[in-house]
Amino acid sequence: TCALPIYETLWPGNTGAGGKSGSKNPKTAGTSFPITIVAADQFWNLVNDNPVIDLTSNDTFASFSLNHYNLSNGSITVMATLPTANGDAHITATASGGIRGLTYANYTSSGIVVNPAGQTKLQILVPGETAWPGNVGAGGKTSSITPFVAGTTFTVTVNGVDPYFNLVNSANALVHLALPAASYSVSPADEIMNGTTQFVINFIAANASGWQITVSTTAGDALANDQSPLLPVNPS
């Protein structure tokens, strides 16, 4: 059985340290970095083989410049991109086939720290929505909104986020909600501190098609606007 290290510096024979030396530096969400995969024996000596490598990650939205590819002379370097901020991200390599007919054990990297990128935009979350960092295609959230009831208050959260919808704790801005005339907010403007703030909203008029809320900055960090989906409101 041979292992497939994703290594900093290969160190054959150093079985106690997984055949490698050095330490991983923290990564930035969405910024590609190189990883090298090698075929190795139980003592972490390079094996000249060409199995097919598949890469996965506990970051659902991870991407790799190559995947499902053959090693060349026992190794290859690939660019990895992890868009989700995470204090314990992992990348796993699995292998199959190869000219030498060997069976390879899967290899999972030790934890990788992925920090948020810089703040670039606002994210609004209404009841029924949950933040899902890294899910850029869905606006960084899941959504299962049910109709609201006229005259019933609810809380809206506004986050300062990076391009991948990771919360950026350093984001600081005065934010304002633009609301339809048939509604009101207990606090129409508030300051984002440590990356987030909340507003209390109360829709007065029913609207089966739905009202929409827009959030923008008026001072501090210049962050891109965001809009809620249409929010249906039933009569009370």
# chains A, B, ... in the order shown; residues from 1 in each chain; ligands from 1
>>> residues_around(residues="Asn159 (chain A)", least_positions_apart="6", cutoff="12 Å", atoms="only C-alpha atoms", output="PyMOL selection string")
chain A and resi 119-126+130-131+133+140-141+165-175+190-199+215-217+223-226
>>> select_by_dssp(residues="region 7-194 of chain A", states="strand (DSSP E or B)", output="ChimeraX atom specification")
/A:9-10,20-21,27-28,33-38,40,46,52-57,63-64,69-70,72,75-81,86-89,91-96,104,107-108,112-115,121-125,129-131,141-143,148-149,153-161,167,173-178,183-185,189-193
>>> atom_distance(atom1="CA of Val52 (chain A)", atom2="CA of Ala89 (chain A)")
23.1 Å
>>> closest_residue(among="A:Leu71, A:Val114, A:Ile53, A:Ile99", to="Ser32 (chain A)", atoms="only C-alpha atoms")
A:Val114
>>> closest_residue(among="A:Asn234, A:Thr94, A:Asn202, A:Ser63", to="Pro147 (chain A)", atoms="only C-alpha atoms")
A:Asn234
>>> atom_distance(atom1="CA of Phe33 (chain A)", atom2="CA of Thr142 (chain A)")
28.2 Å
>>> residues_around(residues="Asn115 (chain A)", least_positions_apart="5", cutoff="9 Å", atoms="only C-alpha atoms", output="list in words")
Pro26, Lys27, Thr28, Ala29, Thr84, Ala85, Asn86, Gly87 and Asn166 of chain A
>>> write_last_selection(atoms="N, CA and C atoms", output="mmCIF file, in the first residue's frame")
data_model
loop_
_atom_site.group_PDB
_atom_site.id
_atom_site.type_symbol
_atom_site.label_atom_id
_atom_site.label_comp_id
_atom_site.auth_asym_id
_atom_site.auth_seq_id
_atom_site.Cartn_x
_atom_site.Cartn_y
_atom_site.Cartn_z
ATOM 1 N N PRO A 26 -1.605 30.080 6.169
ATOM 2 C CA PRO A 26 -3.032 30.315 5.918
ATOM 3 C C PRO A 26 -3.270 30.748 4.478
ATOM 4 N N LYS A 27 -4.404 30.337 3.925
ATOM 5 C CA LYS A 27 -4.788 30.697 2.559
ATOM 6 C C LYS A 27 -5.903 31.730 2.604
ATOM 7 N N THR A 28 -6.120 32.376 1.467
ATOM 8 C CA THR A 28 -7.200 33.349 1.337
ATOM 9 C C THR A 28 -8.299 32.780 0.465
ATOM 10 N N ALA A 29 -9.534 32.921 0.916
ATOM 11 C CA ALA A 29 -10.667 32.383 0.165
ATOM 12 C C ALA A 29 -10.625 32.854 -1.281
ATOM 13 N N THR A 84 -14.460 28.946 0.547
ATOM 14 C CA THR A 84 -15.150 29.066 1.822
ATOM 15 C C THR A 84 -14.158 29.266 2.960
ATOM 16 N N ALA A 85 -14.320 30.334 3.731
ATOM 17 C CA ALA A 85 -13.469 30.546 4.899
ATOM 18 C C ALA A 85 -13.690 29.402 5.884
ATOM 19 N N ASN A 86 -12.595 28.885 6.421
ATOM 20 C CA ASN A 86 -12.683 27.664 7.220
ATOM 21 C C ASN A 86 -11.394 27.541 8.019
ATOM 22 N N GLY A 87 -11.507 27.244 9.287
ATOM 23 C CA GLY A 87 -10.317 27.042 10.095
ATOM 24 C C GLY A 87 -9.751 25.651 9.997
ATOM 25 N N ASN A 166 -18.229 35.089 2.393
ATOM 26 C CA ASN A 166 -17.720 34.856 3.732
ATOM 27 C C ASN A 166 -17.865 36.135 4.549
#
>>> residues_around(residues="Leu102 (chain A)", least_positions_apart="2", cutoff="9 Å", atoms="only C-alpha atoms", output="VMD selection string")
chain A and resid 1 to 2 49 51 96 to 100 104
>>> atom_distance(atom1="CA of Gln227 (chain A)", atom2="CA of Gln212 (chain A)")
7.0 Å
>>> residues_around(residues="Ser109 (chain A)", least_positions_apart="2", cutoff="12 Å", atoms="only C-alpha atoms", output="list in words")
Ala3, Leu4, Pro5, Ile6, Tyr7, Glu8, Gly18, Lys20, Ser23, Lys24, Ile35, Thr36, Ile37, Leu55, Thr56, Ser57, Asn58, Asp88, Ala89, His90, Ile91, Thr92, Ala93, Thr94, Asn106, Tyr107, Gly111, Ile112 and Val113 of chain A
>>> residues_around(residues="Leu46 (chain A)", least_positions_apart="5", cutoff="8 Å", atoms="only C-alpha atoms", output="PyMOL selection string")
chain A and resi 12+38-41+74
>>> write_last_selection(atoms="N, CA, C and O atoms", output="compact mmCIF listing (two decimals), in the first residue's frame")
# COMPACT_ATOMS: atom_id res chain seq x y z
N PRO A 12 11.46 11.91 2.24
CA PRO A 12 11.41 10.44 2.29
C PRO A 12 12.03 9.91 3.58
O PRO A 12 13.05 10.41 4.06
N VAL A 38 1.98 13.06 -4.73
CA VAL A 38 2.99 12.08 -5.15
C VAL A 38 2.52 10.69 -4.79
O VAL A 38 1.75 10.49 -3.83
N ALA A 39 2.96 9.72 -5.56
CA ALA A 39 2.81 8.31 -5.19
C ALA A 39 4.02 7.93 -4.35
O ALA A 39 5.16 8.23 -4.73
N ALA A 40 3.79 7.32 -3.20
CA ALA A 40 4.90 7.01 -2.31
C ALA A 40 4.69 5.64 -1.68
O ALA A 40 3.56 5.15 -1.56
N ASP A 41 5.81 5.02 -1.28
CA ASP A 41 5.71 3.76 -0.56
C ASP A 41 5.46 4.04 0.92
O ASP A 41 5.27 5.19 1.33
N GLY A 74 5.14 9.69 -11.15
CA GLY A 74 4.88 9.58 -9.71
C GLY A 74 4.44 10.85 -9.01
O GLY A 74 4.20 10.82 -7.80
